[in-house]
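Peer 1: Handing over input24.cif, mmCIF, C-alpha atoms.
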data_model
loop_
_atom_site.group_PDB
_atom_site.id
_atom_site.type_symbol
_atom_site.label_atom_id
_atom_site.label_comp_id
_atom_site.auth_asym_id
_atom_site.auth_seq_id
_atom_site.Cartn_x
_atom_site.Cartn_y
_atom_site.Cartn_z
ATOM 1 C CA MET A 1 20.003 4.554 32.789
ATOM 2 C CA SER A 2 20.236 6.505 29.514
ATOM 3 C CA ALA A 3 17.121 8.135 28.129
ATOM 4 C CA LEU A 4 15.576 6.907 24.906
ATOM 5 C CA PRO A 5 16.241 9.181 21.910
ATOM 6 C CA ALA A 6 13.519 11.727 21.318
ATOM 7 C CA PRO A 7 11.453 11.299 18.147
ATOM 8 C CA THR A 8 12.444 13.469 15.227
ATOM 9 C CA ALA A 9 9.926 15.783 13.598
ATOM 10 C CA ALA A 10 7.468 13.931 11.385
ATOM 11 C CA PRO A 11 8.790 13.866 7.806
ATOM 12 C CA ALA A 12 6.338 15.557 5.449
ATOM 13 C CA LEU A 13 6.046 16.339 1.754
ATOM 14 C CA ARG A 14 3.848 18.711 -0.225
ATOM 15 C CA GLU A 15 3.411 19.022 -3.965
ATOM 16 C CA GLN A 16 1.074 20.449 -6.559
ATOM 17 C CA LEU A 17 0.327 19.017 -9.970
ATOM 18 C CA ARG A 18 -1.985 19.434 -12.915
ATOM 19 C CA LEU A 19 -4.284 16.517 -13.678
ATOM 20 C CA GLY A 20 -3.784 14.750 -17.000
ATOM 21 C CA MET A 21 -4.917 11.478 -18.519
ATOM 22 C CA MET A 22 -2.547 9.472 -16.314
ATOM 23 C CA GLN A 23 -4.136 10.739 -13.097
ATOM 24 C CA LEU A 24 -7.796 10.285 -14.061
ATOM 25 C CA SER A 25 -10.378 7.625 -14.857
ATOM 26 C CA PRO A 26 -13.984 8.039 -16.078
ATOM 27 C CA TYR A 27 -15.003 8.306 -12.404
ATOM 28 C CA GLY A 28 -12.438 10.924 -11.297
ATOM 29 C CA LEU A 29 -9.035 10.328 -9.721
ATOM 30 C CA SER A 30 -7.519 7.040 -10.881
ATOM 31 C CA GLU A 31 -7.139 4.496 -8.085
ATOM 32 C CA GLN A 32 -4.117 2.934 -9.794
ATOM 33 C CA TRP A 33 -2.381 6.291 -10.210
ATOM 34 C CA LEU A 34 -3.077 7.254 -6.594
ATOM 35 C CA LEU A 35 -1.598 4.019 -5.265
ATOM 36 C CA ARG A 36 1.484 4.206 -7.476
ATOM 37 C CA HIS A 37 2.221 7.891 -6.957
ATOM 38 C CA LEU A 38 1.477 8.033 -3.239
ATOM 39 C CA GLY A 39 3.329 4.758 -2.710
ATOM 40 C CA ASP A 40 6.390 6.480 -4.155
ATOM 41 C CA LEU A 41 5.825 9.410 -1.786
ATOM 42 C CA HIS A 42 5.652 6.977 1.166
ATOM 43 C CA TRP A 43 9.032 5.550 0.188
ATOM 44 C CA SER A 44 10.440 9.054 -0.356
ATOM 45 C CA LEU A 45 9.350 10.039 3.158
ATOM 46 C CA ILE A 46 11.214 7.033 4.561
ATOM 47 C CA ALA A 47 14.326 7.955 2.571
ATOM 48 C CA ARG A 48 14.136 11.526 3.872
ATOM 49 C CA ALA A 49 13.718 10.323 7.471
ATOM 50 C CA ALA A 50 16.731 8.007 7.140
ATOM 51 C CA GLY A 51 18.875 10.684 5.484
ATOM 52 C CA ARG A 52 19.168 8.738 2.240
ATOM 53 C CA PRO A 53 19.330 10.235 -1.261
ATOM 54 C CA ASP A 54 17.038 7.620 -2.849
ATOM 55 C CA THR A 55 14.711 4.696 -2.135
ATOM 56 C CA ALA A 56 17.130 1.889 -3.059
ATOM 57 C CA PHE A 57 17.295 0.810 0.600
ATOM 58 C CA ARG A 58 19.951 -1.601 1.946
ATOM 59 C CA ASP A 59 20.683 -3.092 5.356
ATOM 60 C CA ALA A 60 24.009 -2.996 7.208
ATOM 61 C CA THR A 61 25.331 -5.918 5.121
ATOM 62 C CA GLY A 62 24.381 -4.350 1.803
ATOM 63 C CA ARG A 63 21.383 -6.607 1.223
ATOM 64 C CA PRO A 64 18.420 -4.847 -0.468
ATOM 65 C CA VAL A 65 15.605 -3.883 1.922
ATOM 66 C CA TYR A 66 12.032 -3.218 0.804
ATOM 67 C CA ALA A 67 9.402 -1.120 2.572
ATOM 68 C CA ALA A 68 6.615 -3.578 1.728
ATOM 69 C CA PHE A 69 3.031 -2.577 2.360
ATOM 70 C CA CYS A 70 1.025 -4.359 5.059
ATOM 71 C CA ALA A 71 -2.161 -2.337 4.566
ATOM 72 C CA THR A 72 -3.618 0.494 2.493
ATOM 73 C CA ARG A 73 -6.948 2.289 2.866
ATOM 74 C CA LEU A 74 -8.105 4.605 0.084
ATOM 75 C CA GLN A 75 -11.131 6.881 0.521
ATOM 76 C CA LEU A 76 -12.511 8.982 -2.328
ATOM 77 C CA SER A 77 -14.931 11.886 -1.925
ATOM 78 C CA ASP A 78 -17.883 12.870 -4.119
ATOM 79 C CA ARG A 79 -16.045 15.965 -5.348
ATOM 80 C CA VAL A 80 -15.123 15.970 -9.030
ATOM 81 C CA ALA A 81 -11.507 15.951 -10.215
ATOM 82 C CA ARG A 82 -11.315 17.409 -13.721
ATOM 83 C CA LEU A 83 -8.876 17.060 -16.585
ATOM 84 C CA GLY A 84 -6.570 20.081 -16.507
ATOM 85 C CA GLY A 85 -7.396 20.898 -12.898
ATOM 86 C CA THR A 86 -4.787 21.428 -10.199
ATOM 87 C CA VAL A 87 -4.525 19.422 -6.984
ATOM 88 C CA GLY A 88 -2.332 19.620 -3.921
ATOM 89 C CA ILE A 89 -0.906 16.598 -2.126
ATOM 90 C CA ALA A 90 0.168 16.603 1.529
ATOM 91 C CA ALA A 91 1.883 13.533 2.999
ATOM 92 C CA ARG A 92 3.338 12.784 6.425
ATOM 93 C CA LEU A 93 5.069 9.791 8.037
ATOM 94 C CA ALA A 94 4.726 8.325 11.548
ATOM 95 C CA GLN A 95 5.738 5.317 13.647
ATOM 96 C CA VAL A 96 2.986 2.692 13.889
ATOM 97 C CA SER A 97 4.961 0.041 15.802
ATOM 98 C CA PRO A 98 8.653 -0.764 16.378
ATOM 99 C CA HIS A 99 8.766 -2.473 12.964
ATOM 100 C CA ARG A 100 6.078 -0.609 11.002
ATOM 101 C CA LEU A 101 5.768 2.900 9.560
ATOM 102 C CA GLY A 102 2.602 4.597 8.396
ATOM 103 C CA SER A 103 1.786 7.553 6.201
ATOM 104 C CA ILE A 104 -1.303 9.635 5.478
ATOM 105 C CA HIS A 105 -1.765 11.342 2.113
ATOM 106 C CA GLU A 106 -4.457 13.914 1.366
ATOM 107 C CA VAL A 107 -5.253 15.074 -2.160
ATOM 108 C CA THR A 108 -7.195 18.340 -2.322
ATOM 109 C CA GLY A 109 -8.720 20.400 -5.105
ATOM 110 C CA PRO A 110 -10.230 23.899 -5.174
ATOM 111 C CA GLU A 111 -13.427 22.628 -3.512
ATOM 112 C CA GLY A 112 -11.766 20.552 -0.795
ATOM 113 C CA LEU A 113 -10.614 16.996 -0.121
ATOM 114 C CA LEU A 114 -10.677 14.613 -3.102
ATOM 115 C CA ALA A 115 -8.903 11.559 -1.695
ATOM 116 C CA ARG A 116 -7.205 10.273 1.431
ATOM 117 C CA LEU A 117 -4.834 7.308 1.521
ATOM 118 C CA GLU A 118 -3.506 5.624 4.651
ATOM 119 C CA MET A 119 -0.529 3.279 4.184
ATOM 120 C CA ILE A 120 1.416 0.992 6.527
ATOM 121 C CA SER A 121 4.673 -0.742 5.607
ATOM 122 C CA CYS A 122 7.332 -2.950 7.158
ATOM 123 C CA PHE A 123 10.882 -3.712 6.071
ATOM 124 C CA LEU A 124 11.542 -7.041 4.344
ATOM 125 C CA SER A 125 14.403 -8.721 2.478
ATOM 126 C CA HIS A 126 14.694 -11.786 0.269
ATOM 127 C CA ASP A 127 16.486 -14.790 1.720
ATOM 128 C CA GLU A 128 19.150 -16.733 -0.196
ATOM 129 C CA SER A 129 16.528 -18.415 -2.388
ATOM 130 C CA GLY A 130 15.304 -15.097 -3.821
ATOM 131 C CA SER A 131 11.709 -16.336 -3.672
ATOM 132 C CA ASN A 132 8.926 -13.844 -2.997
ATOM 133 C CA ARG A 133 7.327 -16.502 -0.792
ATOM 134 C CA ARG A 134 10.298 -16.451 1.602
ATOM 135 C CA LEU A 135 10.669 -12.836 2.669
ATOM 136 C CA LEU A 136 12.430 -12.043 5.939
ATOM 137 C CA ARG A 137 11.833 -9.203 8.382
ATOM 138 C CA SER A 138 14.593 -6.600 8.103
ATOM 139 C CA ARG A 139 15.639 -3.152 9.330
ATOM 140 C CA LEU A 140 16.728 0.078 7.703
ATOM 141 C CA PRO A 141 19.913 1.508 9.247
ATOM 142 C CA GLY A 142 19.867 5.200 10.098
ATOM 143 C CA LEU A 143 16.126 5.480 10.601
ATOM 144 C CA PRO A 144 15.503 7.549 13.766
ATOM 145 C CA PRO A 145 12.479 7.243 16.081
ATOM 146 C CA LEU A 146 9.485 8.999 14.549
ATOM 147 C CA PRO A 147 6.388 10.531 16.155
ATOM 148 C CA VAL A 148 3.856 7.865 17.094
ATOM 149 C CA ALA A 149 0.910 7.522 14.722
ATOM 150 C CA GLN A 150 -2.530 8.459 15.963
ATOM 151 C CA GLY A 151 -6.165 7.479 15.354
ATOM 152 C CA PRO A 152 -6.815 6.178 11.832
ATOM 153 C CA LEU A 153 -3.358 4.684 11.226
ATOM 154 C CA MET A 154 -3.411 2.813 14.524
ATOM 155 C CA ALA A 155 -6.912 1.513 13.777
ATOM 156 C CA LEU A 156 -5.754 0.312 10.344
ATOM 157 C CA HIS A 157 -2.735 -1.329 11.977
ATOM 158 C CA ALA A 158 -4.980 -3.227 14.407
ATOM 159 C CA ARG A 159 -7.285 -4.390 11.596
ATOM 160 C CA ALA A 160 -4.299 -5.488 9.522
ATOM 161 C CA ARG A 161 -2.915 -7.654 12.306
ATOM 162 C CA ASP A 162 -6.315 -9.200 13.083
ATOM 163 C CA THR A 163 -7.084 -9.835 9.414
ATOM 164 C CA ALA A 164 -3.700 -11.408 8.663
ATOM 165 C CA ARG A 165 -4.146 -13.747 11.631
ATOM 166 C CA ARG A 166 -7.652 -14.718 10.510
ATOM 167 C CA LEU A 167 -6.558 -15.301 6.914
ATOM 168 C CA ARG A 168 -3.839 -17.710 8.007
ATOM 169 C CA GLN A 169 -6.415 -19.748 9.935
ATOM 170 C CA GLY A 170 -9.110 -19.771 7.231
ATOM 171 C CA SER A 171 -9.565 -21.556 3.909
ATOM 172 C CA PRO A 172 -10.534 -20.261 0.439
ATOM 173 C CA GLY A 173 -14.215 -19.910 -0.420
ATOM 174 C CA PRO A 174 -15.813 -20.626 -3.814
ATOM 175 C CA GLU A 175 -13.504 -19.575 -6.647
ATOM 176 C CA ARG A 176 -14.602 -16.617 -8.786
ATOM 177 C CA LEU A 177 -11.408 -15.817 -10.738
ATOM 178 C CA ARG A 178 -8.088 -17.504 -11.464
ATOM 179 C CA LEU A 179 -5.248 -15.647 -13.185
ATOM 180 C CA THR A 180 -1.474 -15.518 -13.561
ATOM 181 C CA PRO A 181 0.050 -12.029 -13.089
ATOM 182 C CA LEU A 182 2.324 -10.826 -15.884
ATOM 183 C CA PRO A 183 5.938 -9.959 -14.965
ATOM 184 C CA ALA A 184 6.098 -6.985 -17.349
ATOM 185 C CA LEU A 185 2.901 -5.419 -15.985
ATOM 186 C CA ASP A 186 2.259 -6.639 -12.442
ATOM 187 C CA PHE A 187 5.662 -6.938 -10.722
ATOM 188 C CA ASN A 188 7.855 -4.068 -9.540
ATOM 189 C CA ALA A 189 11.547 -3.246 -9.944
ATOM 190 C CA VAL A 190 12.653 -5.622 -7.151
ATOM 191 C CA GLY A 191 10.583 -8.522 -8.490
ATOM 192 C CA LEU A 192 7.702 -8.399 -5.990
ATOM 193 C CA LEU A 193 4.055 -8.440 -7.029
ATOM 194 C CA TYR A 194 3.449 -4.672 -7.055
ATOM 195 C CA PHE A 195 0.936 -3.623 -4.419
ATOM 196 C CA PRO A 196 -1.452 -1.741 -6.806
ATOM 197 C CA THR A 197 -1.845 -5.037 -8.694
ATOM 198 C CA PHE A 198 -3.882 -6.432 -5.788
ATOM 199 C CA SER A 199 -6.500 -3.694 -6.239
ATOM 200 C CA ARG A 200 -6.498 -4.174 -10.009
ATOM 201 C CA ILE A 201 -7.151 -7.898 -9.571
ATOM 202 C CA ALA A 202 -10.011 -7.127 -7.179
ATOM 203 C CA GLU A 203 -11.538 -4.825 -9.787
ATOM 204 C CA GLN A 204 -11.123 -7.529 -12.432
ATOM 205 C CA ALA A 205 -12.804 -10.124 -10.201
ATOM 206 C CA ALA A 206 -15.695 -7.817 -9.232
ATOM 207 C CA PRO A 207 -15.942 -4.923 -11.726
ATOM 208 C CA SER A 208 -17.332 -1.750 -10.180
ATOM 209 C CA ALA A 209 -20.669 -0.557 -11.519
ATOM 210 C CA GLY A 210 -19.862 3.003 -10.473
ATOM 211 C CA ALA A 211 -17.378 5.241 -8.704
ATOM 212 C CA LEU A 212 -15.321 3.806 -5.854
ATOM 213 C CA ARG A 213 -15.821 5.242 -2.374
ATOM 214 C CA LEU A 214 -13.469 3.013 -0.346
ATOM 215 C CA ARG A 215 -10.888 0.279 -0.909
ATOM 216 C CA GLU A 216 -8.997 -1.286 1.992
ATOM 217 C CA VAL A 217 -6.352 -3.919 1.294
ATOM 218 C CA ILE A 218 -4.641 -6.059 3.920
ATOM 219 C CA TYR A 219 -1.567 -7.675 2.346
ATOM 220 C CA ALA A 220 -0.639 -11.092 3.734
ATOM 221 C CA GLY A 221 1.895 -12.495 1.275
ATOM 222 C CA ASN A 222 3.472 -12.428 -2.167
ATOM 223 C CA LEU A 223 4.203 -14.896 -4.943
ATOM 224 C CA ASP A 224 6.717 -15.602 -7.677
ATOM 225 C CA PRO A 225 6.310 -14.846 -11.392
ATOM 226 C CA GLY A 226 4.458 -17.634 -13.179
ATOM 227 C CA GLU A 227 2.334 -18.591 -10.169
ATOM 228 C CA GLU A 228 -1.465 -18.340 -10.100
ATOM 229 C CA ILE A 229 -3.749 -16.232 -7.945
ATOM 230 C CA VAL A 230 -7.200 -17.502 -6.999
ATOM 231 C CA VAL A 231 -9.839 -14.932 -5.989
ATOM 232 C CA SER A 232 -12.792 -15.909 -3.805
ATOM 233 C CA GLY A 233 -15.455 -14.218 -1.687
ATOM 234 C CA PRO A 234 -18.322 -11.767 -2.230
ATOM 235 C CA ASP A 235 -17.892 -8.467 -4.079
ATOM 236 C CA GLU A 236 -17.470 -6.481 -0.854
ATOM 237 C CA THR A 237 -14.781 -8.740 0.687
ATOM 238 C CA LEU A 238 -12.504 -10.549 -1.749
ATOM 239 C CA VAL A 239 -9.687 -12.870 -0.682
ATOM 240 C CA LEU A 240 -6.653 -13.567 -2.880
ATOM 241 C CA HIS A 241 -4.766 -16.847 -2.453
ATOM 242 C CA GLY A 242 -1.480 -17.997 -3.943
ATOM 243 C CA PRO A 243 0.167 -21.441 -4.031
ATOM 244 C CA CYS A 244 1.253 -21.225 -0.388
ATOM 245 C CA GLY A 245 -1.678 -19.466 1.249
ATOM 246 C CA PRO A 246 -3.472 -16.124 1.516
ATOM 247 C CA LEU A 247 -2.109 -13.067 -0.256
ATOM 248 C CA ALA A 248 -4.633 -10.374 0.679
ATOM 249 C CA GLU A 249 -8.117 -9.452 1.815
ATOM 250 C CA ILE A 250 -9.697 -6.595 -0.112
ATOM 251 C CA ARG A 251 -12.779 -4.686 1.024
ATOM 252 C CA GLY A 252 -14.492 -2.218 -1.273
ATOM 253 C CA ARG A 253 -17.486 0.086 -1.300
ATOM 254 C CA LEU A 254 -18.977 2.188 -4.091
ATOM 255 C CA ARG A 255 -20.480 5.650 -3.871
ATOM 256 C CA PRO A 256 -24.258 5.546 -3.418
#
Can the structure from this file be put into structure tokens for me?

Peer 2:
Amino acid sequence: MSALPAPTAAPALREQLRLGMMQLSPYGLSEQWLLRHLGDLHWSLIARAAGRPDTAFRDATGRPVYAAFCATRLQLSDRVARLGGTVGIAARLAQVSPHRLGSIHEVTGPEGLLARLEMISCFLSHDESGSNRRLLRSRLPGLPPLPVAQGPLMALHARARDTARRLRQGSPGPERLRLTPLPALDFNAVGLLYFPTFSRIAEQAAPSAGALRLREVIYAGNLDPGEEIVVSGPDETLVLHGPCGPLAEIRGRLRP
């Protein structure tokens, strides 16, 4: 019996940058910027692990493959991020399950940790219809075994699976917002509803009265341009539904 291949070293990235208007909100680090920038780092880590020059992933047949997010958990500290200040970002990738990868990103300033983002993704492809409601599980050729994720990522993975199962069995609560995402603003380069849009919609449905402490999103589906999203639930636990079922559950908490 041949031995299983040993995991490769955990892919990691580090960078430093100066904070400008794009990175900040009135409350400190911008949630939307963090999701967009660190999402790109997650995909870059996967490309590095697979020995690919870019993040335009394809399967063995040449069909486009997307590392779609299953869950994200953003935590923000009380420390102040200032315009013109410098921050460091450290990111690392790990194996969460045979079909899911996770990454942890830490953003630090001179006084310590400013933000931490945990992300879990799986590989999906469109079927022949091209509809975002009919995505198929896929694989990325050339991706070696990675070190197994520990602690927080595995806990997020377990919550994501439990939440997705519960969402499929439940029904929408009282409606609090109905909207149609805009293709030019809310969808990404491959035509999927871009994952930071879910958090933006949650903020629109339940505007924060102060600085965000925590936002956890469990993604359960997608939808096509022109289709409506219905938001229901209390401020702390919003549920997004599309025409064919649940899209996400979003939990948030503000700083005291």

Peer 1: As a check of understanding, name the residues that the PyMOL selection byres ((chain A and resi 112-121) around 8) selects in the supplied structure, as a PyMOL selection string.

Peer 2: chain A and resi 38+42+67-81+96+100-111+122-123+152-153+157

Peer 1: When the PyMOL selection byres ((chain A and resi 241) around 9) is applied to the structure above, which residues does it catch, written out as a PyMOL selection string?

Peer 2: chain A and resi 172+221+228-232+239-240+242-248

Peer 1: Rounded to one decimal, what separation in Å do you get between CA of Arg255 (chain A) and CA of Arg213 (chain A)?

Peer 2: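 Atom-to-atom, CA of Arg255 (chain A) to CA of Arg213 (chain A), that is 4.9 Å.
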
Peer 1: Hey, which of A:Leu136, A:Leu238, A:Leu146, A:Ala90 ends up closest to Arg176 (chain A)? Count all atoms listed in the file.

Peer 2: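 When distances to Arg176 (chain A) are compared using all atoms listed in the file, the smallest one comes from A:Leu238.
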
Peer 1: What is the distance, in Å and to one decimal place, between CA of Ser125 (chain A) and CA of Ser138 (chain A)?

Peer 2: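 That distance, rounded to one decimal, is 6.0 Å.
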
Peer 1: Applied to the shown file, which residues does the PyMOL selection byres ((chain A and resi 18) around 10) return, written as a list in words?

Peer 2: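 So the PyMOL selection byres ((chain A and resi 18) around 10) ends up selecting Gln16, Leu17, Leu19, Gly20, Gln23, Arg82, Leu83, Gly84, Gly85, Thr86, Val87 and Gly88 of chain A.
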
Peer 1: Select, from A:Pro225, A:Pro53, A:Pro207, A:Gly233, the residue with the minimum atom-to-atom distance to Pro181 (chain A), counting all atoms listed in the file.

Peer 2: A:Pro225

Peer 1: Tell me which of A:Thr163, A:Trp33, A:Ser199, A:Arg137 sits closest to Met21 (chain A), counting only C-alpha atoms.

Peer 2: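 Looking at the shortest contact to Met21 (chain A), the residue is A:Trp33.
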
Peer 1: Need to verify the contact set: Pro64 (chain A), 12 Å, only C-alpha atoms, exclusion of same-chain residues closer than 4 positions in sequence. Can you return it as JSON, numbers by chain?

Peer 2: {"A": [55, 56, 57, 58, 59, 60, 123, 124, 125, 126, 127, 128, 130, 135, 136, 137, 138, 139, 140, 141, 189, 190, 191]}

Peer 1: Write out as a ChimeraX atom specification the residues lying within 8 Å of region 164-167 of chain A, counting all atoms listed in the file and excluding same-chain residues fewer than 2 positions away.

Peer 2: /A:160-162,169-171,218-220,246,249

Peer 1: From the options A:Val217, A:Ala94, A:Leu35, A:Leu24, which residue's atoms come nearest to Ala12 (chain A), counting only C-alpha atoms?

Peer 2: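 Closest to Ala12 (chain A) of all the choices is A:Ala94.
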
Peer 1: What's the separation between CA of Asn222 (chain A) and CA of Leu45 (chain A), in Å to one decimal place?

Peer 2: 23.8 Å

Peer 1: Excluding region 235-237 of chain A and residues on its chain fewer than 3 positions from it, collect all residues at most 9 Å away from it, counting only C-alpha atoms, and give them as a PDB file with C-alpha atoms, in the coordinates of the input.

Peer 2:
ATOM      1  CA  ALA A 202     -10.011  -7.127  -7.179  1.00  0.00           C
ATOM      2  CA  ALA A 205     -12.804 -10.124 -10.201  1.00  0.00           C
ATOM      3  CA  ALA A 206     -15.695  -7.817  -9.232  1.00  0.00           C
ATOM      4  CA  PRO A 207     -15.942  -4.923 -11.726  1.00  0.00           C
ATOM      5  CA  SER A 232     -12.792 -15.909  -3.805  1.00  0.00           C
ATOM      6  CA  GLU A 249      -8.117  -9.452   1.815  1.00  0.00           C
ATOM      7  CA  ILE A 250      -9.697  -6.595  -0.112  1.00  0.00           C
ATOM      8  CA  ARG A 251     -12.779  -4.686   1.024  1.00  0.00           C
ATOM      9  CA  GLY A 252     -14.492  -2.218  -1.273  1.00  0.00           C
ATOM     10  CA  ARG A 253     -17.486   0.086  -1.300  1.00  0.00           C
TER      11      ARG A 253
END

Peer 1: My list of candidates is A:Leu34, A:Tyr66, A:Leu143, A:Arg92. Which is closest to Ala49 (chain A) when distances are computed with all atoms listed in the file?

Peer 2: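 Ranked by minimum distance to Ala49 (chain A), first place goes to A:Leu143.
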
Peer 1: Between A:Ala10, A:Ile89, A:Ala211, A:Leu179, which has the minimum distance to His37 (chain A) (counting all atoms listed in the file)?

Peer 2: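 Nearest candidate to His37 (chain A) out of A:Ala10, A:Ile89, A:Ala211, A:Leu179: A:Ile89.
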
Peer 1: Can you list, as a PDB file with C-alpha atoms, in the coordinates of the input, every protein, DNA or RNA residue that comes within 9 Å of Met154 (chain A) when you count all atoms listed in the file, leaving out same-chain residues fewer than 4 positions away?

Peer 2:
ATOM      1  CA  VAL A  96       2.986   2.692  13.889  1.00  0.00           C
ATOM      2  CA  SER A  97       4.961   0.041  15.802  1.00  0.00           C
ATOM      3  CA  GLY A 102       2.602   4.597   8.396  1.00  0.00           C
ATOM      4  CA  ALA A 149       0.910   7.522  14.722  1.00  0.00           C
ATOM      5  CA  GLN A 150      -2.530   8.459  15.963  1.00  0.00           C
ATOM      6  CA  ALA A 158      -4.980  -3.227  14.407  1.00  0.00           C
ATOM      7  CA  ARG A 159      -7.285  -4.390  11.596  1.00  0.00           C
TER       8      ARG A 159
END
